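run-v6.txt, holding compact mmCIF, C-alpha atoms:
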# COMPACT_ATOMS: atom_id res chain seq x y z
CA MET A 24 17.01 25.07 54.71
CA SER A 25 18.87 22.30 56.51
CA ALA A 26 17.67 18.72 56.68
CA VAL A 27 16.96 19.10 60.41
CA SER A 28 14.78 22.17 59.96
CA LEU A 29 12.95 20.46 57.07
CA LEU A 30 12.15 17.48 59.27
CA ASP A 31 10.98 19.82 62.05
CA SER A 32 8.67 21.54 59.56
CA LEU A 33 7.22 18.22 58.46
CA ARG A 34 6.63 17.17 62.08
CA SER A 35 4.76 20.39 62.74
CA MET A 36 2.31 19.75 59.87
CA ASP A 37 -0.95 18.11 60.68
CA LEU A 38 -1.94 15.00 58.75
CA SER A 39 -4.48 16.79 56.54
CA THR A 40 -1.90 19.32 55.35
CA LEU A 41 0.69 16.60 54.77
CA ALA A 42 -1.85 14.57 52.77
CA LEU A 43 -2.25 17.52 50.40
CA VAL A 44 1.41 18.51 50.16
CA ALA A 45 2.92 15.04 49.67
CA PRO A 46 1.03 14.05 46.47
CA ALA A 47 1.51 17.51 44.96
CA SER A 48 5.24 17.41 45.69
CA LEU A 49 5.55 13.88 44.28
CA LEU A 50 3.67 14.90 41.12
CA LEU A 51 5.95 17.88 40.68
CA LEU A 52 9.08 15.77 41.10
CA VAL A 53 7.87 13.09 38.66
CA HIS A 54 7.54 15.68 35.89
CA LEU A 55 10.31 18.08 36.85
CA VAL A 56 13.19 15.65 37.44
CA PRO A 57 13.08 14.12 33.91
CA TYR A 58 12.95 17.64 32.46
CA LEU A 59 16.06 18.69 34.38
CA TRP A 60 17.84 15.35 33.92
CA ASP A 61 18.13 15.92 30.17
CA SER A 62 20.78 13.54 28.84
CA HIS A 63 19.56 13.92 25.23
CA ASN A 64 19.34 17.74 25.22
CA ALA A 65 15.63 17.50 24.41
CA ARG A 66 14.99 20.58 26.53
CA ALA A 67 16.32 22.70 23.68
CA LEU A 68 13.68 21.43 21.24
CA PRO A 69 10.72 23.75 20.56
CA GLY A 70 7.13 22.87 21.32
CA PRO A 71 4.21 23.64 23.64
CA PHE A 72 5.35 24.54 27.16
CA LEU A 73 3.24 21.90 28.92
CA ALA A 74 4.51 19.21 26.52
CA LYS A 75 8.01 19.62 27.95
CA PHE A 76 6.86 18.23 31.30
CA SER A 77 3.85 16.00 30.75
CA ASP A 78 1.88 13.84 28.29
CA LEU A 79 -1.23 15.79 29.28
CA TRP A 80 -1.01 18.25 26.37
CA LEU A 81 -0.73 15.49 23.75
CA GLY A 82 -3.53 13.52 25.41
CA LEU A 83 -5.89 16.50 25.34
CA VAL A 84 -5.05 17.21 21.70
CA ALA A 85 -5.65 13.58 20.72
CA LYS A 86 -8.95 13.56 22.64
CA GLY A 87 -10.09 16.59 20.65
CA GLY A 88 -9.72 14.67 17.37
CA HIS A 89 -7.50 17.23 15.63
CA ARG A 90 -4.04 15.96 16.49
CA SER A 91 -2.70 15.82 12.92
CA GLU A 92 -3.83 19.38 12.13
CA LEU A 93 -2.37 20.82 15.33
CA VAL A 94 0.93 18.98 14.93
CA HIS A 95 1.13 20.27 11.35
CA ASP A 96 0.54 23.82 12.60
CA LEU A 97 3.31 23.36 15.19
CA HIS A 98 5.74 22.34 12.46
CA LEU A 99 4.79 25.44 10.47
CA LYS A 100 5.49 27.51 13.58
CA TYR A 101 8.60 25.83 15.00
CA GLY A 102 10.19 23.97 12.09
CA PRO A 103 10.89 20.31 11.25
CA VAL A 104 11.47 19.11 14.84
CA VAL A 105 8.83 19.61 17.54
CA ARG A 106 8.57 18.19 21.05
CA LEU A 107 5.04 16.87 21.69
CA ALA A 108 5.65 15.18 25.06
CA PRO A 109 8.59 14.48 27.39
CA ASN A 110 9.50 11.36 25.36
CA HIS A 111 7.71 12.14 22.07
CA ILE A 112 9.34 14.12 19.26
CA SER A 113 7.73 14.77 15.87
CA ILE A 114 10.06 15.09 12.86
CA ALA A 115 8.81 16.45 9.53
CA ASP A 116 11.87 16.12 7.33
CA PRO A 117 12.30 13.56 4.51
CA GLU A 118 16.05 13.48 5.11
CA ALA A 119 15.41 12.10 8.60
CA LEU A 120 13.68 8.95 7.33
CA PRO A 121 16.84 6.88 6.67
CA ILE A 122 18.24 8.02 10.03
CA VAL A 123 15.21 7.37 12.24
CA TYR A 124 14.12 4.14 10.54
CA ALA A 125 17.53 2.75 9.63
CA HIS A 126 18.06 -0.87 10.66
CA GLY A 127 20.64 -1.08 13.42
CA ASN A 128 20.55 2.60 14.39
CA GLY A 129 20.15 1.68 18.07
CA ALA A 130 16.60 3.02 18.42
CA LEU A 131 14.02 0.57 19.77
CA LYS A 132 10.28 0.61 19.06
CA SER A 133 8.14 1.94 21.90
CA ASP A 134 5.20 0.19 23.55
CA PHE A 135 3.00 2.05 21.04
CA TYR A 136 3.51 -0.93 18.69
CA ASP A 137 1.94 -3.33 21.20
CA ALA A 138 -1.46 -2.00 20.11
CA PHE A 139 -0.95 -3.64 16.70
CA VAL A 140 -0.29 -7.16 18.02
CA SER A 141 -2.93 -9.71 17.05
CA ILE A 142 -2.25 -13.24 18.35
CA ARG A 143 1.42 -13.12 17.24
CA ARG A 144 3.89 -10.37 16.53
CA GLY A 145 4.94 -9.58 12.98
CA VAL A 146 7.86 -7.60 11.59
CA PHE A 147 6.00 -4.31 12.04
CA ASN A 148 5.21 -4.67 15.75
CA THR A 149 8.13 -6.80 16.99
CA ARG A 150 10.13 -4.83 19.56
CA ASP A 151 12.80 -7.37 20.47
CA ARG A 152 15.88 -6.64 18.34
CA ASN A 153 16.98 -10.25 17.80
CA GLU A 154 13.48 -11.48 16.98
CA HIS A 155 12.96 -8.56 14.59
CA ALA A 156 16.24 -9.31 12.80
CA ARG A 157 15.16 -12.92 12.29
CA LYS A 158 11.75 -11.95 10.93
CA ARG A 159 13.20 -9.17 8.80
CA LYS A 160 15.64 -11.54 7.10
CA ILE A 161 12.76 -13.66 5.82
CA VAL A 162 11.03 -10.79 4.01
CA SER A 163 13.92 -8.41 3.31
CA HIS A 164 14.04 -9.26 -0.42
CA ILE A 165 10.49 -7.91 -0.81
CA PHE A 166 11.65 -4.46 0.24
CA SER A 167 14.65 -4.24 -2.05
CA GLN A 168 14.80 -1.14 -4.25
CA LYS A 169 14.00 -3.20 -7.35
CA SER A 170 10.93 -4.84 -5.79
CA VAL A 171 9.59 -1.55 -4.41
CA VAL A 172 9.91 0.21 -7.77
CA GLU A 173 8.18 -2.65 -9.60
CA PHE A 174 5.31 -2.73 -7.12
CA GLU A 175 4.73 1.04 -7.02
CA PRO A 176 2.13 1.15 -9.88
CA HIS A 177 -0.01 -1.43 -8.07
CA ILE A 178 0.16 0.55 -4.82
CA ARG A 179 -0.85 3.73 -6.68
CA LEU A 180 -3.98 2.05 -8.07
CA HIS A 181 -5.08 0.82 -4.64
CA VAL A 182 -4.37 4.18 -2.98
CA GLN A 183 -6.34 5.96 -5.72
CA ALA A 184 -9.22 3.53 -5.19
CA ILE A 185 -9.48 4.13 -1.46
CA ILE A 186 -9.14 7.92 -1.84
CA ALA A 187 -11.84 7.94 -4.52
CA GLN A 188 -14.09 5.97 -2.18
CA TRP A 189 -13.53 8.37 0.72
CA ASP A 190 -14.06 11.40 -1.54
CA ARG A 191 -17.35 9.91 -2.72
CA LEU A 192 -18.52 9.36 0.84
CA PHE A 193 -17.39 12.84 1.84
CA ASP A 194 -19.41 14.48 -0.96
CA HIS A 195 -22.51 12.87 0.55
CA ALA A 196 -21.42 13.49 4.15
CA VAL A 197 -21.19 17.30 3.77
CA LYS A 198 -24.88 17.20 2.78
CA GLY A 199 -25.70 15.29 5.95
CA GLY A 200 -25.85 11.90 4.27
CA SER A 201 -25.04 8.48 5.68
CA GLY A 202 -24.53 4.97 4.36
CA PRO A 203 -23.95 1.30 5.23
CA GLU A 204 -20.42 0.86 3.82
CA GLY A 205 -18.06 -0.72 6.30
CA GLU A 206 -19.92 -0.62 9.60
CA GLY A 207 -21.70 2.56 8.57
CA TRP A 208 -20.69 6.18 8.04
CA HIS A 209 -22.36 9.55 8.52
CA GLY A 210 -21.82 13.23 7.98
CA LYS A 211 -21.66 15.67 10.88
CA ASP A 212 -20.45 19.28 11.13
CA GLY A 213 -19.09 19.23 7.58
CA ARG A 214 -17.01 16.10 8.20
CA LEU A 215 -17.13 12.45 7.24
CA TRP A 216 -17.10 10.09 10.19
CA LEU A 217 -16.32 6.44 9.55
CA ASP A 218 -14.45 3.41 10.77
CA CYS A 219 -11.81 3.10 8.05
CA LEU A 220 -10.87 -0.55 8.45
CA PRO A 221 -14.24 -2.22 7.74
CA CYS A 222 -14.91 0.46 5.11
CA THR A 223 -12.16 -1.08 2.98
CA SER A 224 -14.27 -4.22 2.60
CA SER A 225 -16.30 -2.43 -0.08
CA LEU A 226 -13.14 -1.82 -2.14
CA PRO A 227 -11.14 -4.15 -4.37
CA PRO A 228 -8.79 -6.35 -2.26
CA LEU A 229 -6.08 -4.22 -0.67
CA PRO A 230 -2.49 -5.29 0.04
CA PRO A 231 -2.29 -6.04 3.78
CA PHE A 232 0.24 -3.30 4.49
CA LEU A 233 -2.10 -0.67 3.03
CA LEU A 234 -4.49 -1.43 5.86
CA MET A 235 -2.01 0.34 8.11
CA LEU A 236 -3.27 3.54 6.48
CA SER A 237 -6.57 2.88 8.27
CA PHE A 238 -7.23 3.39 11.93
CA GLN A 239 -10.18 3.19 14.28
CA GLY A 240 -12.37 6.27 14.53
CA SER A 241 -10.75 8.26 11.74
CA THR A 242 -12.20 11.43 10.29
CA THR A 243 -11.51 13.06 6.96
CA SER A 244 -11.19 16.83 6.85
CA PRO A 245 -13.12 18.98 4.36
CA SER A 246 -11.37 19.04 1.02
CA THR A 247 -11.97 20.88 -2.23
CA SER A 248 -9.72 18.65 -4.29
CA SER A 249 -11.27 16.10 -6.62
CA ALA A 250 -10.42 12.41 -6.42
CA THR A 251 -8.42 10.68 -9.12
CA SER A 252 -10.29 7.91 -10.86
CA PRO A 253 -9.08 4.46 -9.75
CA SER A 254 -8.93 3.39 -13.37
CA ALA A 255 -6.70 6.25 -14.42
CA PRO A 256 -3.04 5.42 -15.11
CA PRO A 257 -0.67 6.32 -12.27
CA SER A 258 1.10 9.62 -12.65
CA ALA A 259 4.84 9.86 -12.82
Target format structure tokens, applied to this file:
Amino acid sequence: MSAVSLLDSLRSMDLSTLALVAPASLLLLVHLVPYLWDSHNARALPGPFLAKFSDLWLGLVAKGGHRSELVHDLHLKYGPVVRLAPNHISIADPEALPIVYAHGNGALKSDFYDAFVSIRRGVFNTRDRNEHARKRKIVSHIFSQKSVVEFEPHIRLHVQAIIAQWDRLFDHAVKGGSGPEGEGWHGKDGRLWLDCLPCTSSLPPLPPFLLMLSFQGSTTSPSTSSATSPSAPPSA
């Protein structure tokens, strides 16, 4: 179809028809053009069909409250690399950690990290490369291999404490119980529902970075495993 005939067709449409066609066409182009203009060869990555074109699939999954389970199932089906949205790729491979998170690899943090900003940005949520390098230099010695190895037993104890606490609450939750810890928790449909962040206030003081394990509106899935006692020595 030539440009002239296309213009003639548009002129022949009444306004009501054009009002329906124009938004639909624009919506199609917004999602189709990025898919076809694939400079990173992401089109070859496996994943749900709708996720190749839109964030809608990931949004619906997150709304359902089972995102982690479904993403895990996708990795079992497709392998270590799965496309969850047009610009969102999930990687489940330990060997990818030093590549994805390496300092100076050219990858910038997305606007996802803006949600963690409180008053001022820290090393974790700073997106500007120069500002991050300045902040990182101040604390880099803390994350040396020697420091991390020495601190590992302390981290194990705190992780065991919080898992033991959640296991205890879950044992009551599956029986329909509830309690005041944090801002309150309750059991429903065989699950424990709680706000993880205030719940940590009933634990021994946690290192600040362990609070990143907590997030608003979390749920814990049914589990048959028993919790390790917080007082037990860390395993090798």
Notebook entry, point to check: If you measure from CA of Tyr101 (chain A) to CA of Pro69 (chain A), what distance in Å do you get, rounded to one decimal?
Noted result: 6.3 Å
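If you look at CA of Gly207 (chain A) and CA of Ile185 (chain A), they are 15.9 Å away from each other.
The spacing separating CA of Phe166 (chain A) from CA of Ile112 (chain A) amounts to 26.7 Å.
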Margin query: At a cut-off of 10 Å, using all atoms listed in the file, what residues contact Val94 (chain A)? Leave out same-chain residues fewer than 3 positions from it and give the result as a count of residues only.
Written below: 15
Put a box with edges along x, y and z around all the listed atoms of region 141-157 of chain A, pad it by 5 Å on each side, then give me its centre and sizes in Å, one decimal, as lines of an AutoDock Vina configuration file.
center_x = 7.0
center_y = -8.8
center_z = 16.0
size_x = 29.9
size_y = 18.9
size_z = 18.9
Check: Nearest to Ser77 (chain A): which of A:Pro103, A:Gly200, A:Pro109, A:Gly145 is it, counting only C-alpha atoms?
Finding: A:Pro109
Select all residues near (-22.3, 14.3, 2.3) (cut-off 9 Å, inclusive, file coordinates), counting all atoms listed in the file, and output them as a PDB file with C-alpha atoms, keeping the file's coordinate frame.
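Resulting contents of selection.pdb:
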ATOM      1  CA  ARG A 191     -17.350   9.910  -2.720  1.00  0.00           C
ATOM      2  CA  LEU A 192     -18.520   9.360   0.840  1.00  0.00           C
ATOM      3  CA  PHE A 193     -17.390  12.840   1.840  1.00  0.00           C
ATOM      4  CA  ASP A 194     -19.410  14.480  -0.960  1.00  0.00           C
ATOM      5  CA  HIS A 195     -22.510  12.870   0.550  1.00  0.00           C
ATOM      6  CA  ALA A 196     -21.420  13.490   4.150  1.00  0.00           C
ATOM      7  CA  VAL A 197     -21.190  17.300   3.770  1.00  0.00           C
ATOM      8  CA  LYS A 198     -24.880  17.200   2.780  1.00  0.00           C
ATOM      9  CA  GLY A 199     -25.700  15.290   5.950  1.00  0.00           C
ATOM     10  CA  GLY A 200     -25.850  11.900   4.270  1.00  0.00           C
ATOM     11  CA  SER A 201     -25.040   8.480   5.680  1.00  0.00           C
ATOM     12  CA  HIS A 209     -22.360   9.550   8.520  1.00  0.00           C
ATOM     13  CA  GLY A 210     -21.820  13.230   7.980  1.00  0.00           C
ATOM     14  CA  LYS A 211     -21.660  15.670  10.880  1.00  0.00           C
ATOM     15  CA  GLY A 213     -19.090  19.230   7.580  1.00  0.00           C
ATOM     16  CA  ARG A 214     -17.010  16.100   8.200  1.00  0.00           C
ATOM     17  CA  LEU A 215     -17.130  12.450   7.240  1.00  0.00           C
TER      18      LEU A 215
END
Next item on the list: Find the residue from A:Trp208, A:Tyr136, A:Trp80, A:Trp216 that sits nearest to Ala108 (chain A); use only C-alpha atoms when measuring.
Entry: A:Trp80
Once N, CA and C atoms are restored for region 142-174 of chain A, what would the output be as an mmCIF file, keeping the file's coordinate frame?
data_model
loop_
_atom_site.group_PDB
_atom_site.id
_atom_site.type_symbol
_atom_site.label_atom_id
_atom_site.label_comp_id
_atom_site.auth_asym_id
_atom_site.auth_seq_id
_atom_site.Cartn_x
_atom_site.Cartn_y
_atom_site.Cartn_z
ATOM 1 N N ILE A 142 -2.649 -11.839 18.147
ATOM 2 C CA ILE A 142 -2.250 -13.240 18.350
ATOM 3 C C ILE A 142 -0.721 -13.354 18.402
ATOM 4 N N ARG A 143 -0.046 -13.053 17.279
ATOM 5 C CA ARG A 143 1.420 -13.120 17.240
ATOM 6 C C ARG A 143 1.996 -11.830 16.672
ATOM 7 N N ARG A 144 3.225 -11.559 17.033
ATOM 8 C CA ARG A 144 3.890 -10.370 16.530
ATOM 9 C C ARG A 144 4.424 -10.602 15.117
ATOM 10 N N GLY A 145 4.351 -9.551 14.307
ATOM 11 C CA GLY A 145 4.940 -9.580 12.980
ATOM 12 C C GLY A 145 6.155 -8.664 12.918
ATOM 13 N N VAL A 146 6.687 -8.456 11.734
ATOM 14 C CA VAL A 146 7.860 -7.600 11.590
ATOM 15 C C VAL A 146 7.552 -6.183 12.053
ATOM 16 N N PHE A 147 6.357 -5.696 11.729
ATOM 17 C CA PHE A 147 6.000 -4.310 12.040
ATOM 18 C C PHE A 147 5.962 -4.037 13.536
ATOM 19 N N ASN A 148 5.409 -4.965 14.338
ATOM 20 C CA ASN A 148 5.210 -4.670 15.750
ATOM 21 C C ASN A 148 6.138 -5.435 16.683
ATOM 22 N N THR A 149 7.157 -6.101 16.148
ATOM 23 C CA THR A 149 8.130 -6.800 16.990
ATOM 24 C C THR A 149 9.113 -5.799 17.582
ATOM 25 N N ARG A 150 9.265 -5.808 18.890
ATOM 26 C CA ARG A 150 10.130 -4.830 19.560
ATOM 27 C C ARG A 150 11.477 -5.422 19.968
ATOM 28 N N ASP A 151 11.544 -6.728 20.131
ATOM 29 C CA ASP A 151 12.800 -7.370 20.470
ATOM 30 C C ASP A 151 13.744 -7.337 19.270
ATOM 31 N N ARG A 152 14.960 -6.848 19.460
ATOM 32 C CA ARG A 152 15.880 -6.640 18.340
ATOM 33 C C ARG A 152 16.261 -7.944 17.653
ATOM 34 N N ASN A 153 16.576 -8.987 18.406
ATOM 35 C CA ASN A 153 16.980 -10.250 17.800
ATOM 36 C C ASN A 153 15.829 -10.918 17.046
ATOM 37 N N GLU A 154 14.645 -10.892 17.644
ATOM 38 C CA GLU A 154 13.480 -11.480 16.980
ATOM 39 C C GLU A 154 13.138 -10.696 15.714
ATOM 40 N N HIS A 155 13.253 -9.379 15.778
ATOM 41 C CA HIS A 155 12.960 -8.560 14.590
ATOM 42 C C HIS A 155 13.955 -8.849 13.477
ATOM 43 N N ALA A 156 15.229 -9.011 13.814
ATOM 44 C CA ALA A 156 16.240 -9.310 12.800
ATOM 45 C C ALA A 156 15.951 -10.637 12.103
ATOM 46 N N ARG A 157 15.495 -11.618 12.874
ATOM 47 C CA ARG A 157 15.160 -12.920 12.290
ATOM 48 C C ARG A 157 13.969 -12.811 11.339
ATOM 49 N N LYS A 158 12.934 -12.123 11.776
ATOM 50 C CA LYS A 158 11.750 -11.950 10.930
ATOM 51 C C LYS A 158 12.071 -11.101 9.707
ATOM 52 N N ARG A 159 12.880 -10.086 9.896
ATOM 53 C CA ARG A 159 13.200 -9.170 8.800
ATOM 54 C C ARG A 159 13.986 -9.879 7.699
ATOM 55 N N LYS A 160 14.838 -10.819 8.083
ATOM 56 C CA LYS A 160 15.640 -11.540 7.100
ATOM 57 C C LYS A 160 14.776 -12.340 6.140
ATOM 58 N N ILE A 161 13.638 -12.837 6.642
ATOM 59 C CA ILE A 161 12.760 -13.660 5.820
ATOM 60 C C ILE A 161 12.116 -12.855 4.703
ATOM 61 N N VAL A 162 11.784 -11.594 4.983
ATOM 62 C CA VAL A 162 11.030 -10.790 4.010
ATOM 63 C C VAL A 162 11.848 -9.653 3.405
ATOM 64 N N SER A 163 13.126 -9.574 3.723
ATOM 65 C CA SER A 163 13.920 -8.410 3.310
ATOM 66 C C SER A 163 13.973 -8.251 1.790
ATOM 67 N N HIS A 164 13.940 -9.364 1.030
ATOM 68 C CA HIS A 164 14.040 -9.260 -0.420
ATOM 69 C C HIS A 164 12.841 -8.533 -1.020
ATOM 70 N N ILE A 165 11.693 -8.582 -0.312
ATOM 71 C CA ILE A 165 10.490 -7.910 -0.810
ATOM 72 C C ILE A 165 10.674 -6.399 -0.820
ATOM 73 N N PHE A 166 11.482 -5.906 0.090
ATOM 74 C CA PHE A 166 11.650 -4.460 0.240
ATOM 75 C C PHE A 166 12.924 -3.941 -0.413
ATOM 76 N N SER A 167 13.505 -4.735 -1.296
ATOM 77 C CA SER A 167 14.650 -4.240 -2.050
ATOM 78 C C SER A 167 14.202 -3.108 -2.968
ATOM 79 N N GLN A 168 15.141 -2.279 -3.393
ATOM 80 C CA GLN A 168 14.800 -1.140 -4.250
ATOM 81 C C GLN A 168 14.108 -1.604 -5.527
ATOM 82 N N LYS A 169 14.576 -2.686 -6.106
ATOM 83 C CA LYS A 169 14.000 -3.200 -7.350
ATOM 84 C C LYS A 169 12.539 -3.633 -7.135
ATOM 85 N N SER A 170 12.282 -4.366 -6.054
ATOM 86 C CA SER A 170 10.930 -4.840 -5.790
ATOM 87 C C SER A 170 9.967 -3.686 -5.508
ATOM 88 N N VAL A 171 10.438 -2.694 -4.750
ATOM 89 C CA VAL A 171 9.590 -1.550 -4.410
ATOM 90 C C VAL A 171 9.210 -0.764 -5.659
ATOM 91 N N VAL A 172 10.175 -0.534 -6.543
ATOM 92 C CA VAL A 172 9.910 0.210 -7.770
ATOM 93 C C VAL A 172 8.923 -0.536 -8.666
ATOM 94 N N GLU A 173 9.082 -1.850 -8.764
ATOM 95 C CA GLU A 173 8.180 -2.650 -9.600
ATOM 96 C C GLU A 173 6.760 -2.684 -9.054
ATOM 97 N N PHE A 174 6.627 -2.609 -7.735
ATOM 98 C CA PHE A 174 5.310 -2.730 -7.120
ATOM 99 C C PHE A 174 4.587 -1.380 -7.001
#
